[in-house]
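This report concerns only the one structure given below.
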Amino acid sequence: MNKRQLVKELSALLTRLELVSDDATYQSELTGAYVKDAIANLYIALGHVNDKS
């Protein structure tokens, strides 16, 4: 997988998680917290991928 494909896939995951974040929190505070942590980690990962230009 090249850098462009990786960024595309990570961005797609980020978008999906952002869409379900409120629903996850509604189901369980803990689940919502894990989803928010995953979102934060994806932002970090995308930053590292983009830094390696």
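If you're wondering about the labels, chains in the structure tokens are A, B, ... by order shown, residues count from 1 in each chain, ligands from 1 in order shown.
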
Item to check | Spatial neighbours of Asp22 in chain A, max dist 10 Å, only C-alpha atoms, sep filter under 4 positions, as a ChimeraX atom specification | outcome: /A:17-18,26-29,32,35-36

Written selection (all heavy atoms) as a JSON list (two decimals), in the first residue's frame:
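File part.json, as written:
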```
[["chain", "number", "residue", "atom", "x", "y", "z"],
["A", 17, "LEU", "N", -15.80, 6.66, 12.03],
["A", 17, "LEU", "CA", -15.81, 6.77, 13.49],
["A", 17, "LEU", "C", -16.45, 8.07, 13.95],
["A", 17, "LEU", "O", -17.19, 8.10, 14.94],
["A", 17, "LEU", "CB", -14.40, 6.64, 14.06],
["A", 17, "LEU", "CG", -13.82, 5.23, 14.06],
["A", 17, "LEU", "CD1", -12.35, 5.27, 14.47],
["A", 17, "LEU", "CD2", -14.60, 4.33, 15.00],
["A", 18, "GLU", "N", -16.16, 9.16, 13.25],
["A", 18, "GLU", "CA", -16.78, 10.44, 13.61],
["A", 18, "GLU", "C", -18.30, 10.38, 13.45],
["A", 18, "GLU", "O", -19.03, 10.96, 14.25],
["A", 18, "GLU", "CB", -16.19, 11.57, 12.78],
["A", 18, "GLU", "CG", -14.77, 11.93, 13.21],
["A", 18, "GLU", "CD", -14.10, 12.95, 12.33],
["A", 18, "GLU", "OE1", -14.46, 13.06, 11.14],
["A", 18, "GLU", "OE2", -13.21, 13.64, 12.83],
["A", 26, "TYR", "N", -24.00, 7.33, 23.25],
["A", 26, "TYR", "CA", -25.37, 7.10, 23.69],
["A", 26, "TYR", "C", -25.53, 5.67, 24.23],
["A", 26, "TYR", "O", -26.20, 5.45, 25.23],
["A", 26, "TYR", "CB", -26.35, 7.36, 22.55],
["A", 26, "TYR", "CG", -27.78, 7.08, 22.91],
["A", 26, "TYR", "CD1", -28.50, 7.98, 23.70],
["A", 26, "TYR", "CD2", -28.42, 5.93, 22.47],
["A", 26, "TYR", "CE1", -29.82, 7.73, 24.04],
["A", 26, "TYR", "CE2", -29.74, 5.67, 22.81],
["A", 26, "TYR", "CZ", -30.44, 6.58, 23.59],
["A", 26, "TYR", "OH", -31.74, 6.31, 23.94],
["A", 27, "GLN", "N", -24.90, 4.72, 23.57],
["A", 27, "GLN", "CA", -24.99, 3.32, 23.99],
["A", 27, "GLN", "C", -24.25, 3.09, 25.30],
["A", 27, "GLN", "O", -24.71, 2.34, 26.15],
["A", 27, "GLN", "CB", -24.43, 2.39, 22.91],
["A", 27, "GLN", "CG", -25.26, 2.33, 21.66],
["A", 27, "GLN", "CD", -26.65, 1.79, 21.90],
["A", 27, "GLN", "OE1", -26.83, 0.85, 22.65],
["A", 27, "GLN", "NE2", -27.64, 2.41, 21.27],
["A", 28, "SER", "N", -23.09, 3.70, 25.43],
["A", 28, "SER", "CA", -22.27, 3.49, 26.62],
["A", 28, "SER", "C", -21.20, 4.57, 26.67],
["A", 28, "SER", "O", -20.54, 4.84, 25.67],
["A", 28, "SER", "CB", -21.62, 2.10, 26.54],
["A", 28, "SER", "OG", -20.48, 2.01, 27.35],
["A", 29, "GLU", "N", -21.04, 5.17, 27.85],
["A", 29, "GLU", "CA", -20.00, 6.18, 28.02],
["A", 29, "GLU", "C", -18.62, 5.62, 27.69],
["A", 29, "GLU", "O", -17.80, 6.26, 27.05],
["A", 29, "GLU", "CB", -20.01, 6.72, 29.46],
["A", 29, "GLU", "CG", -21.22, 7.54, 29.81],
["A", 29, "GLU", "CD", -21.15, 8.95, 29.28],
["A", 29, "GLU", "OE1", -20.03, 9.49, 29.17],
["A", 29, "GLU", "OE2", -22.22, 9.50, 28.98],
["A", 32, "GLY", "N", -18.19, 5.16, 23.95],
["A", 32, "GLY", "CA", -17.95, 6.48, 23.36],
["A", 32, "GLY", "C", -16.54, 6.97, 23.60],
["A", 32, "GLY", "O", -15.91, 7.55, 22.72],
["A", 35, "VAL", "N", -14.21, 5.14, 21.25],
["A", 35, "VAL", "CA", -14.33, 5.66, 19.88],
["A", 35, "VAL", "C", -13.60, 7.00, 19.77],
["A", 35, "VAL", "O", -12.87, 7.24, 18.81],
["A", 35, "VAL", "CB", -15.82, 5.78, 19.47],
["A", 35, "VAL", "CG1", -15.96, 6.54, 18.16],
["A", 35, "VAL", "CG2", -16.45, 4.41, 19.35],
["A", 36, "LYS", "N", -13.76, 7.85, 20.77],
["A", 36, "LYS", "CA", -13.07, 9.15, 20.74],
["A", 36, "LYS", "C", -11.55, 8.97, 20.80],
["A", 36, "LYS", "O", -10.81, 9.69, 20.14],
["A", 36, "LYS", "CB", -13.57, 10.04, 21.86],
["A", 36, "LYS", "CG", -14.97, 10.54, 21.58],
["A", 36, "LYS", "CD", -15.52, 11.38, 22.70],
["A", 36, "LYS", "CE", -16.96, 11.77, 22.30],
["A", 36, "LYS", "NZ", -17.73, 12.30, 23.39]]
```

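Using only C-alpha atoms, the shortest contact distance between Ala38 in chain A and any of A:Val7, A:Leu14, A:Met1, A:Leu19 is found at A:Leu14.
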
Next on the checklist: Just want the 9 Å neighbourhood of Ser11 in chain A, counted on only C-alpha atoms, with same-chain residues fewer than 6 positions away dropped. Output as a PyMOL selection string.
Outcome noted: chain A and resi 42-43+46

Next on the checklist: Which residues are near Val49 in chain A? Cut-off 10 Å, only C-alpha atoms, ignore same chain within fewer than 4 positions. Put them as an MDAnalysis selection string.
Outcome noted: chainID A and resid 3:4 6:7 10 43:45 53

Checklist entry - Quick one: distance from CA of Ala40 in chain A to CA of Arg16 in chain A in Å, one decimal? => result 13.3 Å
